[in-house]
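S.K.: Data file model.txt (compact mmCIF, C-alpha atoms) is appended below.
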```txt
# COMPACT_ATOMS: atom_id res chain seq x y z
CA MET B 1 0.37 56.82 0.87
CA GLU B 2 -0.70 56.71 4.49
CA LYS B 3 -3.46 54.27 3.52
CA PHE B 4 -0.96 51.89 1.99
CA MET B 5 1.29 52.06 5.03
CA LEU B 6 -1.60 51.32 7.38
CA ALA B 7 -2.72 48.38 5.26
CA PHE B 8 0.84 47.07 5.21
CA ILE B 9 1.36 47.41 8.96
CA ILE B 10 -2.01 46.02 10.13
CA GLY B 11 -2.01 43.24 7.52
CA GLY B 12 1.56 42.39 8.46
CA PHE B 13 0.66 42.43 12.14
CA ILE B 14 -2.10 39.86 11.61
CA CYS B 15 0.40 37.67 9.74
CA VAL B 16 2.90 38.07 12.59
CA ILE B 17 0.23 36.75 14.98
CA GLY B 18 -0.19 33.73 12.69
CA GLN B 19 3.57 33.16 12.54
CA LEU B 20 3.87 33.39 16.33
CA LEU B 21 1.04 30.88 16.74
CA MET B 22 2.95 28.42 14.53
CA ASP B 23 6.49 29.01 15.79
CA GLY B 24 5.81 29.95 19.42
CA LEU B 25 2.77 27.92 20.38
CA LYS B 26 3.59 25.16 17.86
CA LEU B 27 0.10 25.21 16.38
CA THR B 28 -0.34 23.36 13.09
CA PRO B 29 -1.08 25.46 9.99
CA ALA B 30 -4.71 24.29 10.15
CA HIS B 31 -5.07 25.27 13.81
CA THR B 32 -3.46 28.65 13.10
CA MET B 33 -5.88 29.30 10.28
CA VAL B 34 -8.90 28.31 12.36
CA THR B 35 -7.71 30.47 15.27
CA LEU B 36 -7.52 33.52 12.99
CA VAL B 37 -10.91 32.78 11.43
CA VAL B 38 -12.57 32.38 14.83
CA SER B 39 -10.88 35.54 16.15
CA GLY B 40 -12.20 37.44 13.15
CA ALA B 41 -15.65 35.98 13.73
CA ILE B 42 -15.64 37.06 17.37
CA LEU B 43 -14.43 40.56 16.51
CA GLY B 44 -17.04 40.70 13.75
CA GLY B 45 -19.76 39.59 16.15
CA LEU B 46 -18.76 42.36 18.54
CA GLY B 47 -18.90 44.80 15.65
CA LEU B 48 -15.21 45.64 15.90
CA TYR B 49 -13.84 44.09 12.73
CA ASP B 50 -15.55 46.56 10.39
CA ASP B 51 -13.92 49.39 12.33
CA LEU B 52 -10.57 47.69 11.72
CA ILE B 53 -11.31 47.49 7.99
CA ALA B 54 -12.32 51.15 7.95
CA PHE B 55 -8.98 51.91 9.60
CA ALA B 56 -6.62 49.59 7.72
CA GLY B 57 -8.47 48.80 4.47
CA ALA B 58 -7.00 45.79 2.66
CA GLY B 59 -4.70 45.20 5.63
CA ALA B 60 -7.72 43.88 7.50
CA SER B 61 -9.96 42.71 4.67
CA VAL B 62 -7.45 40.45 2.87
CA PRO B 63 -6.20 38.24 5.79
CA ILE B 64 -8.17 35.08 6.61
CA SER B 65 -9.52 36.72 9.80
CA ASN B 66 -11.90 38.68 7.60
CA PHE B 67 -13.38 35.39 6.44
CA GLY B 68 -14.61 34.80 10.00
CA ASN B 69 -15.94 38.34 10.09
CA GLN B 70 -17.85 37.81 6.84
CA LEU B 71 -19.29 34.48 8.03
CA VAL B 72 -20.80 36.17 11.09
CA LYS B 73 -21.93 39.20 9.14
CA GLY B 74 -23.76 37.07 6.57
CA ALA B 75 -25.43 35.03 9.29
CA LEU B 76 -26.56 38.12 11.23
CA GLN B 77 -27.84 39.95 8.15
CA GLU B 78 -29.87 36.98 7.00
CA ALA B 79 -31.14 36.34 10.52
CA GLU B 80 -32.50 39.87 10.66
CA LYS B 81 -34.34 39.37 7.39
CA THR B 82 -35.73 35.86 7.71
CA GLY B 83 -35.50 34.95 11.37
CA ILE B 84 -33.38 32.37 13.14
CA VAL B 85 -33.10 30.03 10.11
CA GLY B 86 -31.21 32.86 8.43
CA VAL B 87 -28.21 32.00 10.59
CA LEU B 88 -27.94 28.77 8.60
CA THR B 89 -28.80 30.14 5.16
CA GLY B 90 -26.83 33.36 5.49
CA ILE B 91 -23.53 32.11 6.84
CA PHE B 92 -22.03 31.46 3.40
CA LYS B 93 -23.89 34.22 1.60
CA ILE B 94 -21.18 36.88 1.58
CA THR B 95 -18.33 34.38 1.59
CA SER B 96 -19.65 32.24 -1.25
CA ALA B 97 -17.51 34.02 -3.84
CA GLY B 98 -14.34 33.19 -1.92
CA ILE B 99 -15.30 29.60 -1.28
CA SER B 100 -16.46 28.97 -4.86
CA ALA B 101 -13.32 30.60 -6.24
CA ALA B 102 -11.12 28.40 -4.01
CA ILE B 103 -12.90 25.24 -5.18
CA ILE B 104 -12.99 26.17 -8.88
CA PHE B 105 -9.43 27.45 -9.14
CA GLY B 106 -8.17 24.54 -7.05
CA PHE B 107 -9.95 22.18 -9.42
CA LEU B 108 -8.53 23.90 -12.50
CA ALA B 109 -5.00 23.85 -11.05
CA SER B 110 -5.30 20.14 -10.25
CA ILE B 111 -6.27 19.42 -13.86
CA LEU B 112 -3.50 21.49 -15.38
CA CYS B 113 -0.61 20.81 -12.99
CA LYS B 114 1.07 17.85 -11.39
CA PRO B 115 2.78 18.23 -8.00
CA LYS B 116 6.56 18.17 -8.25
CA GLY B 117 7.10 17.09 -4.65
CA MET E 1 27.51 -14.72 19.63
CA LEU E 2 26.27 -12.30 22.26
CA GLN E 3 28.92 -10.07 23.74
CA GLY E 4 28.14 -7.71 26.58
CA ASN E 5 24.50 -6.75 26.97
CA GLN E 6 23.25 -6.12 23.46
CA THR E 7 25.93 -6.70 20.84
CA TRP E 8 26.13 -9.57 18.40
CA VAL E 9 29.60 -10.54 17.18
CA PHE E 10 29.44 -12.52 13.96
CA LYS E 11 32.19 -15.13 14.02
CA SER E 12 31.94 -15.97 10.33
CA LYS E 13 31.94 -12.26 9.35
CA PRO E 14 29.22 -12.30 6.67
CA VAL E 15 30.25 -10.58 3.44
CA ILE E 16 28.43 -7.87 1.53
CA ILE E 17 28.99 -9.28 -1.97
CA GLY E 18 26.89 -6.72 -3.79
CA SER E 19 25.17 -3.47 -2.92
CA SER E 20 23.29 -0.72 -4.67
CA ALA E 21 22.14 2.86 -4.23
CA ILE E 22 19.36 4.46 -6.26
CA GLY E 23 18.48 8.14 -5.96
CA GLY E 24 16.13 10.85 -7.17
CA PRO E 25 16.65 14.33 -8.65
CA PHE E 26 17.66 16.00 -5.39
CA GLU E 27 20.24 13.32 -4.66
CA ALA E 28 21.60 13.73 -8.19
CA GLN E 29 22.48 17.33 -7.34
CA GLY E 30 23.97 16.32 -4.00
CA ASN E 31 27.44 15.53 -2.70
CA LEU E 32 27.29 11.79 -3.28
CA ALA E 33 25.84 11.70 -6.81
CA GLU E 34 28.83 9.70 -8.13
CA ASP E 35 28.18 6.87 -5.69
CA PHE E 36 24.66 6.14 -6.93
CA ASP E 37 24.09 3.32 -9.41
CA ILE E 38 20.98 4.92 -10.91
CA LEU E 39 19.72 8.48 -10.54
CA HIS E 40 16.22 9.51 -11.58
CA SER E 41 15.32 12.98 -12.82
CA ASP E 42 11.61 12.63 -12.02
CA ILE E 43 10.16 11.74 -8.61
CA TRP E 44 7.17 10.06 -10.26
CA LEU E 45 9.27 7.55 -12.24
CA GLY E 46 6.37 7.37 -14.67
CA GLN E 47 4.13 5.83 -12.01
CA ASP E 48 0.66 6.91 -10.91
CA SER E 49 1.54 7.53 -7.26
CA TYR E 50 4.55 8.40 -5.14
CA GLU E 51 4.19 5.09 -3.31
CA GLN E 52 4.38 3.17 -6.57
CA ALA E 53 7.41 5.27 -7.53
CA GLU E 54 9.07 4.31 -4.25
CA GLN E 55 8.33 0.65 -4.89
CA LYS E 56 9.88 0.97 -8.34
CA ILE E 57 13.04 2.49 -6.85
CA LEU E 58 13.26 -0.32 -4.29
CA GLU E 59 12.83 -2.92 -7.01
CA GLU E 60 15.66 -1.33 -8.98
CA ALA E 61 17.87 -1.30 -5.90
CA CYS E 62 17.23 -5.01 -5.29
CA GLU E 63 17.81 -5.98 -8.93
CA THR E 64 21.00 -3.90 -9.10
CA ALA E 65 22.42 -5.36 -5.88
CA ILE E 66 21.72 -8.92 -7.03
CA LYS E 67 23.27 -8.19 -10.43
CA LYS E 68 26.36 -6.61 -8.88
CA ALA E 69 26.74 -9.67 -6.66
CA GLY E 70 26.82 -11.73 -9.86
CA LEU E 71 23.75 -13.70 -8.84
CA GLN E 72 20.22 -14.41 -10.02
CA LYS E 73 17.29 -13.71 -7.73
CA GLU E 74 16.77 -17.48 -7.40
CA ASP E 75 20.14 -17.59 -5.60
CA ILE E 76 18.82 -15.37 -2.79
CA GLN E 77 17.14 -17.27 0.01
CA PHE E 78 15.59 -14.49 2.06
CA PHE E 79 14.63 -10.88 1.48
CA LEU E 80 14.47 -8.48 4.45
CA SER E 81 13.08 -5.05 3.86
CA GLY E 82 11.44 -2.09 5.55
CA ASP E 83 10.35 1.44 4.69
CA LEU E 84 8.27 4.34 6.02
CA ILE E 85 4.95 3.93 4.24
CA ASN E 86 1.90 2.49 6.03
CA GLN E 87 2.20 -1.27 6.51
CA ILE E 88 5.62 -1.14 4.74
CA MET E 89 3.86 -1.19 1.39
CA PRO E 90 6.84 -0.63 -0.94
CA SER E 91 8.79 -3.44 0.77
CA SER E 92 6.01 -6.02 0.74
CA PHE E 93 4.92 -5.15 -2.80
CA THR E 94 8.53 -5.44 -3.98
CA ALA E 95 8.69 -8.83 -2.26
CA ARG E 96 5.57 -9.82 -4.20
CA ASN E 97 7.43 -9.21 -7.47
CA LEU E 98 10.76 -10.66 -6.35
CA ALA E 99 9.11 -13.88 -5.12
CA ILE E 100 11.95 -14.43 -2.62
CA PRO E 101 10.89 -15.66 0.86
CA TYR E 102 10.36 -12.43 2.74
CA LEU E 103 10.67 -10.96 6.21
CA GLY E 104 9.13 -7.51 6.49
CA ILE E 105 10.74 -5.34 9.16
CA TYR E 106 10.06 -1.91 10.55
CA GLY E 107 12.64 0.29 12.24
CA ALA E 108 11.67 3.53 10.48
CA CYS E 109 14.87 5.13 9.14
CA SER E 110 16.95 2.52 10.95
CA SER E 111 15.45 -0.33 8.89
CA SER E 112 18.58 -0.80 6.77
CA MET E 113 20.84 -1.67 9.69
CA GLU E 114 18.10 -3.62 11.45
CA GLY E 115 17.92 -5.65 8.25
CA ILE E 116 21.69 -6.01 7.96
CA SER E 117 21.86 -7.15 11.60
CA LEU E 118 19.16 -9.79 11.12
CA ALA E 119 20.59 -10.96 7.79
CA SER E 120 24.04 -11.31 9.36
CA LEU E 121 22.49 -13.26 12.22
CA MET E 122 20.80 -15.62 9.76
CA ILE E 123 24.01 -16.19 7.85
CA ASP E 124 26.27 -16.48 10.85
CA SER E 125 23.96 -19.05 12.43
CA GLY E 126 23.69 -21.07 9.23
CA PHE E 127 20.01 -20.33 8.62
CA ALA E 128 20.83 -18.84 5.22
CA GLN E 129 23.70 -18.64 2.76
CA ARG E 130 22.60 -15.48 0.94
CA ALA E 131 20.13 -12.82 2.05
CA LEU E 132 19.04 -9.59 0.44
CA VAL E 133 18.46 -6.50 2.57
CA GLY E 134 16.58 -3.55 1.12
CA THR E 135 15.05 -0.28 2.24
CA SER E 136 13.59 2.80 0.60
CA SER E 137 12.10 6.22 1.19
CA HIS E 138 10.46 8.80 -1.04
CA ASN E 139 10.39 12.48 -0.23
CA ALA E 140 6.87 13.28 -1.38
CA ALA E 141 5.36 10.01 -0.10
CA CYS E 142 7.00 10.53 3.28
CA GLU E 143 5.97 14.16 3.67
CA LYS E 144 2.41 13.08 2.91
CA GLN E 145 2.59 10.29 5.47
CA TYR E 146 4.23 12.08 8.38
CA ARG E 147 3.78 15.81 7.91
CA TYR E 148 1.85 17.58 5.12
CA PRO E 149 1.69 16.88 1.41
CA THR E 150 4.27 19.17 -0.21
CA GLU E 151 1.65 20.81 -2.44
CA TYR E 152 -0.24 21.91 0.69
CA GLY E 153 2.58 24.39 1.16
CA ALA E 154 3.02 24.26 4.94
CA GLN E 155 6.00 26.17 6.33
CA LYS E 156 8.95 24.24 7.67
CA PRO E 157 11.29 25.38 10.44
CA PRO E 158 15.09 25.21 9.93
CA THR E 159 15.25 22.11 12.16
CA ALA E 160 13.19 20.14 9.61
CA GLN E 161 14.91 17.58 7.43
CA TRP E 162 14.60 16.52 3.81
CA THR E 163 13.58 12.92 3.19
CA VAL E 164 15.90 11.25 0.70
CA THR E 165 14.19 9.84 -2.37
CA GLY E 166 15.99 6.61 -2.99
CA ALA E 167 16.63 3.03 -2.07
CA GLY E 168 19.59 0.93 -1.01
CA ALA E 169 20.04 -2.82 -1.08
CA ALA E 170 22.80 -5.23 -0.14
CA VAL E 171 23.36 -8.93 -0.66
CA VAL E 172 24.84 -10.48 2.48
CA ALA E 173 26.49 -13.88 1.98
CA LYS E 174 28.42 -16.53 3.82
CA GLU E 175 31.25 -16.49 1.32
CA GLY E 176 32.64 -14.09 -1.22
CA GLN E 177 34.65 -10.94 -1.70
CA GLY E 178 33.80 -7.62 -0.14
CA PRO E 179 33.38 -5.72 3.09
CA ARG E 180 32.51 -7.90 6.07
CA ILE E 181 29.95 -7.39 8.80
CA VAL E 182 31.71 -7.93 12.11
CA ALA E 183 29.29 -6.91 14.82
CA SER E 184 25.94 -5.35 15.43
CA THR E 185 24.58 -3.55 18.47
CA VAL E 186 20.83 -3.63 18.88
CA GLY E 187 19.56 -0.42 20.41
CA ARG E 188 17.04 0.29 23.12
CA VAL E 189 14.05 2.49 22.41
CA ILE E 190 14.79 5.90 23.89
CA ASP E 191 12.23 8.66 24.32
CA MET E 192 13.43 11.96 25.74
CA GLY E 193 10.00 13.55 25.49
CA LEU E 194 10.36 15.44 22.22
CA SER E 195 7.27 15.53 20.05
CA ASP E 196 8.09 17.81 17.11
CA PRO E 197 8.12 15.91 13.79
CA PHE E 198 10.00 18.89 12.34
CA ASN E 199 12.93 18.20 14.65
CA MET E 200 13.55 14.47 14.38
CA GLY E 201 17.32 14.87 14.59
CA ALA E 202 17.13 16.14 18.15
CA ALA E 203 14.69 13.38 19.08
CA MET E 204 16.91 10.65 17.63
CA ALA E 205 20.29 11.89 18.89
CA PRO E 206 19.95 10.38 22.42
CA ALA E 207 19.07 6.99 20.91
CA ALA E 208 22.16 7.13 18.70
CA VAL E 209 24.31 8.05 21.70
CA ASP E 210 22.87 5.21 23.79
CA THR E 211 23.62 2.63 21.09
CA ILE E 212 27.12 4.01 20.36
CA GLU E 213 27.99 3.88 24.06
CA ALA E 214 26.62 0.34 24.34
CA HIS E 215 28.64 -0.73 21.29
CA PHE E 216 31.96 0.46 22.68
CA ARG E 217 31.16 -0.84 26.17
CA ASP E 218 30.09 -4.29 24.95
CA LEU E 219 33.07 -4.74 22.65
CA ASN E 220 35.50 -2.98 24.95
CA LEU E 221 36.69 -0.76 22.11
CA THR E 222 37.53 2.92 21.78
CA PRO E 223 36.51 5.22 18.89
CA ALA E 224 40.13 5.06 17.71
CA TYR E 225 39.39 1.56 16.41
CA TYR E 226 37.23 2.92 13.58
CA ASP E 227 38.21 5.06 10.60
CA LEU E 228 34.72 6.48 10.39
CA ILE E 229 31.71 6.59 12.70
CA ALA E 230 28.57 7.68 10.86
CA THR E 231 25.10 8.20 12.21
CA GLY E 232 22.12 7.77 9.90
CA ASP E 233 20.02 10.89 9.61
CA LEU E 234 20.48 13.17 12.60
CA GLY E 235 21.12 16.17 10.36
CA ARG E 236 23.00 19.25 11.50
CA VAL E 237 20.89 19.79 14.61
CA GLY E 238 20.91 16.20 15.86
CA HIS E 239 24.56 15.66 14.91
CA ARG E 240 25.68 18.48 17.18
CA ILE E 241 23.51 17.23 20.02
CA ALA E 242 24.90 13.71 19.61
CA ALA E 243 28.51 14.94 19.53
CA ASP E 244 27.94 17.04 22.65
CA LEU E 245 26.19 14.19 24.50
CA LEU E 246 28.99 11.75 23.63
CA ALA E 247 31.62 14.20 24.87
CA GLN E 248 29.63 14.74 28.07
CA HIS E 249 29.49 10.99 28.62
CA GLY E 250 33.26 10.77 28.25
CA LEU E 251 33.26 9.22 24.78
CA ALA E 252 34.71 12.06 22.75
CA ILE E 253 34.97 11.16 19.07
CA PRO E 254 37.25 13.36 16.91
CA LYS E 255 35.30 15.74 14.69
CA GLU E 256 36.72 14.36 11.45
CA LYS E 257 35.76 10.81 12.43
CA LEU E 258 32.17 11.37 13.55
CA THR E 259 29.86 12.23 10.68
CA ASP E 260 26.23 11.96 9.68
CA CYS E 261 24.77 10.67 6.43
CA GLY E 262 22.10 13.38 6.52
CA ILE E 263 24.86 16.00 6.37
CA LEU E 264 26.99 14.15 3.80
CA MET E 265 24.16 13.60 1.33
CA TYR E 266 23.44 17.14 0.16
CA LYS E 267 25.43 20.21 -0.78
CA GLU E 268 25.41 23.27 1.45
CA ASN E 269 23.40 25.30 -1.05
CA GLN E 270 20.58 22.78 -1.42
CA PRO E 271 17.39 23.80 0.42
CA VAL E 272 17.24 20.74 2.67
CA PHE E 273 16.96 22.57 6.02
CA ALA E 274 18.99 20.63 8.63
CA GLY E 275 19.95 17.82 6.22
CA GLY E 276 18.75 14.53 4.78
CA SER E 277 16.62 11.90 6.46
CA GLY E 278 14.62 8.79 5.63
CA CYS E 279 15.45 5.11 5.28
CA ALA E 280 17.33 5.74 2.05
CA CYS E 281 19.62 8.33 3.67
CA ILE E 282 21.90 5.92 5.51
CA ALA E 283 21.12 3.05 3.12
CA THR E 284 22.35 4.81 -0.01
CA THR E 285 25.24 6.49 1.80
CA THR E 286 26.43 3.19 3.27
CA PHE E 287 25.66 0.82 0.39
CA GLY E 288 26.95 3.37 -2.13
CA HIS E 289 29.40 5.93 -0.80
CA PHE E 290 30.95 4.16 2.22
CA LEU E 291 31.28 0.71 0.63
CA ASN E 292 32.80 2.32 -2.48
CA ARG E 293 35.34 4.07 -0.28
CA MET E 294 36.11 0.77 1.46
CA GLN E 295 36.59 -0.99 -1.88
CA LYS E 296 39.00 1.78 -2.91
CA GLY E 297 40.94 1.24 0.30
CA GLU E 298 40.20 4.65 1.78
CA LEU E 299 38.43 3.14 4.78
CA GLN E 300 39.20 -0.08 6.63
CA ARG E 301 36.77 -0.15 9.53
CA ILE E 302 33.56 1.77 9.82
CA LEU E 303 30.72 1.92 12.31
CA VAL E 304 27.35 2.96 10.93
CA ILE E 305 24.58 3.83 13.35
CA ALA E 306 21.15 3.88 11.72
CA THR E 307 18.70 6.02 13.66
CA GLY E 308 14.94 5.66 13.50
CA ALA E 309 12.08 7.76 14.85
CA LEU E 310 9.34 5.31 15.73
CA LEU E 311 6.43 7.72 15.60
CA SER E 312 3.31 7.14 13.57
CA PRO E 313 0.91 9.69 12.07
CA MET E 314 -1.58 8.44 14.67
CA SER E 315 0.77 8.97 17.61
CA TYR E 316 1.53 12.48 16.35
CA GLN E 317 -2.16 13.35 16.11
CA GLN E 318 -2.67 12.02 19.62
CA LYS E 319 0.17 14.28 20.79
CA GLU E 320 2.46 11.46 21.87
CA THR E 321 6.21 11.96 22.13
CA ILE E 322 8.62 10.36 19.65
CA PRO E 323 10.32 7.11 20.71
CA CYS E 324 13.59 6.52 18.85
CA ILE E 325 15.97 3.65 18.19
CA ALA E 326 19.44 3.13 16.73
CA TYR E 327 21.28 0.08 15.39
CA ALA E 328 25.05 0.12 15.12
CA VAL E 329 26.75 -2.12 12.59
CA SER E 330 30.50 -2.41 12.21
CA ILE E 331 31.81 -3.20 8.77
CA GLU E 332 35.44 -4.06 8.05
CA MET E 333 37.35 -4.58 4.85
```
Could you rewrite the structure in this file as structure tokens?
M.R.:
Amino acid sequence: MEKFMLAFIIGGFICVIGQLLMDGLKLTPAHTMVTLVVSGAILGGLGLYDDLIAFAGAGASVPISNFGNQLVKGALQEAEKTGIVGVLTGIFKITSAGISAAIIFGFLASILCKPKG
Amino acid sequence: MLQGNQTWVFKSKPVIIGSSAIGGPFEAQGNLAEDFDILHSDIWLGQDSYEQAEQKILEEACETAIKKAGLQKEDIQFFLSGDLINQIMPSSFTARNLAIPYLGIYGACSSSMEGISLASLMIDSGFAQRALVGTSSHNAACEKQYRYPTEYGAQKPPTAQWTVTGAGAAVVAKEGQGPRIVASTVGRVIDMGLSDPFNMGAAMAPAAVDTIEAHFRDLNLTPAYYDLIATGDLGRVGHRIAADLLAQHGLAIPKEKLTDCGILMYKENQPVFAGGSGCACIATTTFGHFLNRMQKGELQRILVIATGALLSPMSYQQKETIPCIAYAVSIEM
């Protein structure tokens, strides 16, 4: 139960940051998203984001900030294996499932549905 | 004839001999549903794009107004129209189909009263006998143009407004039966430094106040002269700001007399945030609801103040503030 509560609180806290960025600092949704992704990437680069996931589970792995973390992780892993070019080839390695799923499901939805305004 | 600094008084009092209001599904559920000539249940209207749907609505509004005036389109000498889409596409494309000599105008949501002012000027000066004024807006097309496409799912704050899907048109003539256009006050562009496209009401309120004050000053009238004073699309937020500003400037208008088309349009329980907006908001309310009430004898003299936010998607991206304008038109039975 404690696990669920932690996931709820940390995940909710990340969302609160996003809401404050939009309402308080008047950032656009796109800027808010990018800010969270970049923050996750920085925390990932410093090796802190995985600790957050270990602590909060899905509360840290589901929000978009983890996408930034995964981008950096993929790039670093691949760089270790294949050298500096790995930064380019590895960046979408871990995240490819998420990106492909977004494109494919978006495509399917656009075929099946029509916006209602 | 110019009176005061910025008000035209039309000696011949041009007549609105026919007018129309067309709406979409949201308007059909609203407060003024009975005053629409045609209501559509689908925002696509069977077209391939929202912009084409808007054009279709505008065409219907024009045809209906001409029909209600008992005329053919060949009887109309000039067509004045404006809307919110890039390069006023629905207006110009409607003009292509109508084949009436055309003057495209742009005053954002104030286009209807800008058009009525210019049409009255043409008729009063003898440059036309009959002119058609039209304007339209479409919720989904407008969101796409100025904010985010609805299907993108961006959040909206409570100060945001709901663009009316609809179109209004009016045939203004030298002679005939109907409500008469007595005077028109052309507004100045006012920019109080607001830049939030989700709070247009607050941005436009000072422009409305400036034009209302100029109208009463130029004509040496008091608010008591009118039965109803209606702003275009300030919504609940802007309406309160405008009422407060007017009171501060010593031009207190009784609560029951000062209203806003953006508030009148929808019911309380409709999810329209602070109220309606868009060119069609004041156009359908005036050309439908208000003129119907005048015909029934419920109103004798009204002042409608169309408000427009003159921002562009480009100016928003470049973080510019929102300049606003308002045109006041007085209509008497």
S.K.: Is there a way to get, as a VMD selection string, all residues within 7 Å of the point (-28.8, 37.0, 7.9) in file coordinates, counting only C-alpha atoms?
M.R.: chain B and resid 74 to 81 86 to 87 90
S.K.: Take the residues just selected and output them with C-alpha atoms as a JSON list (two decimals), in the frame of the given file.
M.R.:
```
[["chain", "number", "residue", "atom", "x", "y", "z"],
["B", 74, "GLY", "CA", -23.76, 37.07, 6.57],
["B", 75, "ALA", "CA", -25.43, 35.03, 9.29],
["B", 76, "LEU", "CA", -26.56, 38.12, 11.23],
["B", 77, "GLN", "CA", -27.84, 39.95, 8.15],
["B", 78, "GLU", "CA", -29.87, 36.98, 7.00],
["B", 79, "ALA", "CA", -31.14, 36.34, 10.52],
["B", 80, "GLU", "CA", -32.50, 39.87, 10.66],
["B", 81, "LYS", "CA", -34.34, 39.37, 7.39],
["B", 86, "GLY", "CA", -31.21, 32.86, 8.43],
["B", 87, "VAL", "CA", -28.21, 32.00, 10.59],
["B", 90, "GLY", "CA", -26.83, 33.36, 5.49]]
```
S.K.: Residues within 9 Å of Gln6 of chain E, please, as a ChimeraX atom specification. Count all atoms listed in the file; anything in the same chain fewer than 6 positions from it doesn't count.
M.R.: /E:184-188,214-215,218
S.K.: Restrict the selected residues to C-alpha atoms and save them as an mmCIF file, keeping the file's coordinate frame.
M.R.:
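The resulting file, selection-v6.cif, is reproduced below:
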```cif
data_model
loop_
_atom_site.group_PDB
_atom_site.id
_atom_site.type_symbol
_atom_site.label_atom_id
_atom_site.label_comp_id
_atom_site.auth_asym_id
_atom_site.auth_seq_id
_atom_site.Cartn_x
_atom_site.Cartn_y
_atom_site.Cartn_z
ATOM 1 C CA SER E 184 25.940 -5.350 15.430
ATOM 2 C CA THR E 185 24.580 -3.550 18.470
ATOM 3 C CA VAL E 186 20.830 -3.630 18.880
ATOM 4 C CA GLY E 187 19.560 -0.420 20.410
ATOM 5 C CA ARG E 188 17.040 0.290 23.120
ATOM 6 C CA ALA E 214 26.620 0.340 24.340
ATOM 7 C CA HIS E 215 28.640 -0.730 21.290
ATOM 8 C CA ASP E 218 30.090 -4.290 24.950
#
```
S.K.: Go through E:Thr222, E:Val272, E:Ala203, E:Leu2 and flag the residue nearest Gly238 of chain E, using only C-alpha atoms for the distances.
M.R.: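 Of E:Thr222, E:Val272, E:Ala203, E:Leu2, the one nearest Gly238 of chain E is E:Ala203, counting only C-alpha atoms.
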S.K.: In terms of the shortest atom-to-atom distance over all atoms listed in the file, which of E:Glu27, E:Glu60, E:Asp233, E:Glu332 is closest to Cys279 of chain E?
M.R.: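 Smallest distance to Cys279 of chain E is found for E:Asp233.
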S.K.: Edge lengths and centre, in Å to one decimal, as lines of an AutoDock Vina configuration file: that's what I need for the box along x, y and z that holds all listed atoms of segment 25-41 of chain B plus 6 Å on each side.
M.R.:
```
center_x = -6.0
center_y = 30.4
center_z = 15.2
size_x = 31.2
size_y = 26.1
size_z = 22.4
```
S.K.: Extract, using all atoms listed in the file, all DNA, RNA and protein residues at most 9 Å from Met33 of chain B, discarding same-chain residues fewer than 6 positions from it, and format them as a ChimeraX atom specification.
M.R.: /B:18,64-65
S.K.: Identify all chain B residues at most 12 Å from chain E by counting only C-alpha atoms; ligands do not count. Present them as a PyMOL selection string.
M.R.: chain B and resi 18-19+22-30+32-33+106+109-110+113-117
S.K.: List the spatial neighbours of Ala7 of chain B as a list in words - criterion: any atom at most 12 Å away, only C-alpha atoms, same-chain residues fewer than 4 positions off excluded.
M.R.: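 In the requested form, the answer reads Met1, Glu2, Lys3, Gly11, Gly12, Phe13, Ile14, Leu52, Ile53, Ala54, Phe55, Ala56, Gly57, Ala58, Gly59, Ala60, Ser61, Val62 and Pro63 of chain B.
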S.K.: Given the point (18.6, 20.0, 7.9) in the coordinates of this file, which residues lie within 10 Å, counting all atoms listed in the file, and how would they look as a tab-separated table (two decimals) with C-alpha atoms, in the coordinates of the input?
M.R.:
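Below is the file part.tsv, written as the result:
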```tsv
chain	number	residue	atom	x	y	z
E	157	PRO	CA	11.29	25.38	10.44
E	158	PRO	CA	15.09	25.21	9.93
E	159	THR	CA	15.25	22.11	12.16
E	160	ALA	CA	13.19	20.14	9.61
E	161	GLN	CA	14.91	17.58	7.43
E	162	TRP	CA	14.60	16.52	3.81
E	163	THR	CA	13.58	12.92	3.19
E	198	PHE	CA	10.00	18.89	12.34
E	199	ASN	CA	12.93	18.20	14.65
E	200	MET	CA	13.55	14.47	14.38
E	201	GLY	CA	17.32	14.87	14.59
E	233	ASP	CA	20.02	10.89	9.61
E	234	LEU	CA	20.48	13.17	12.60
E	235	GLY	CA	21.12	16.17	10.36
E	236	ARG	CA	23.00	19.25	11.50
E	237	VAL	CA	20.89	19.79	14.61
E	238	GLY	CA	20.91	16.20	15.86
E	262	GLY	CA	22.10	13.38	6.52
E	263	ILE	CA	24.86	16.00	6.37
E	266	TYR	CA	23.44	17.14	0.16
E	268	GLU	CA	25.41	23.27	1.45
E	270	GLN	CA	20.58	22.78	-1.42
E	271	PRO	CA	17.39	23.80	0.42
E	272	VAL	CA	17.24	20.74	2.67
E	273	PHE	CA	16.96	22.57	6.02
E	274	ALA	CA	18.99	20.63	8.63
E	275	GLY	CA	19.95	17.82	6.22
E	276	GLY	CA	18.75	14.53	4.78
E	277	SER	CA	16.62	11.90	6.46
```
S.K.: Name the residues in contact with segment 16-26 of chain E at a cut-off of 7 Å, using all atoms listed in the file, excluding same-chain residues fewer than 4 positions from it; report them as a PyMOL selection string.
M.R.: chain E and resi 30+36-43+57+61+64-66+68-69+165-173+176-180+284+287-288
S.K.: Residues at most 8 Å from segment 39-48 of chain B, counting all atoms listed in the file, excluding those fewer than 2 positions away in the same chain, as a compact mmCIF listing (two decimals) with C-alpha atoms, keeping the file's coordinate frame?
M.R.:
```
# COMPACT_ATOMS: atom_id res chain seq x y z
CA THR B 35 -7.71 30.47 15.27
CA LEU B 36 -7.52 33.52 12.99
CA VAL B 37 -10.91 32.78 11.43
CA ASP B 50 -15.55 46.56 10.39
CA ASP B 51 -13.92 49.39 12.33
CA LEU B 52 -10.57 47.69 11.72
CA SER B 65 -9.52 36.72 9.80
CA ASN B 66 -11.90 38.68 7.60
CA PHE B 67 -13.38 35.39 6.44
CA GLY B 68 -14.61 34.80 10.00
CA ASN B 69 -15.94 38.34 10.09
CA GLN B 70 -17.85 37.81 6.84
CA LEU B 71 -19.29 34.48 8.03
CA VAL B 72 -20.80 36.17 11.09
CA LYS B 73 -21.93 39.20 9.14
```
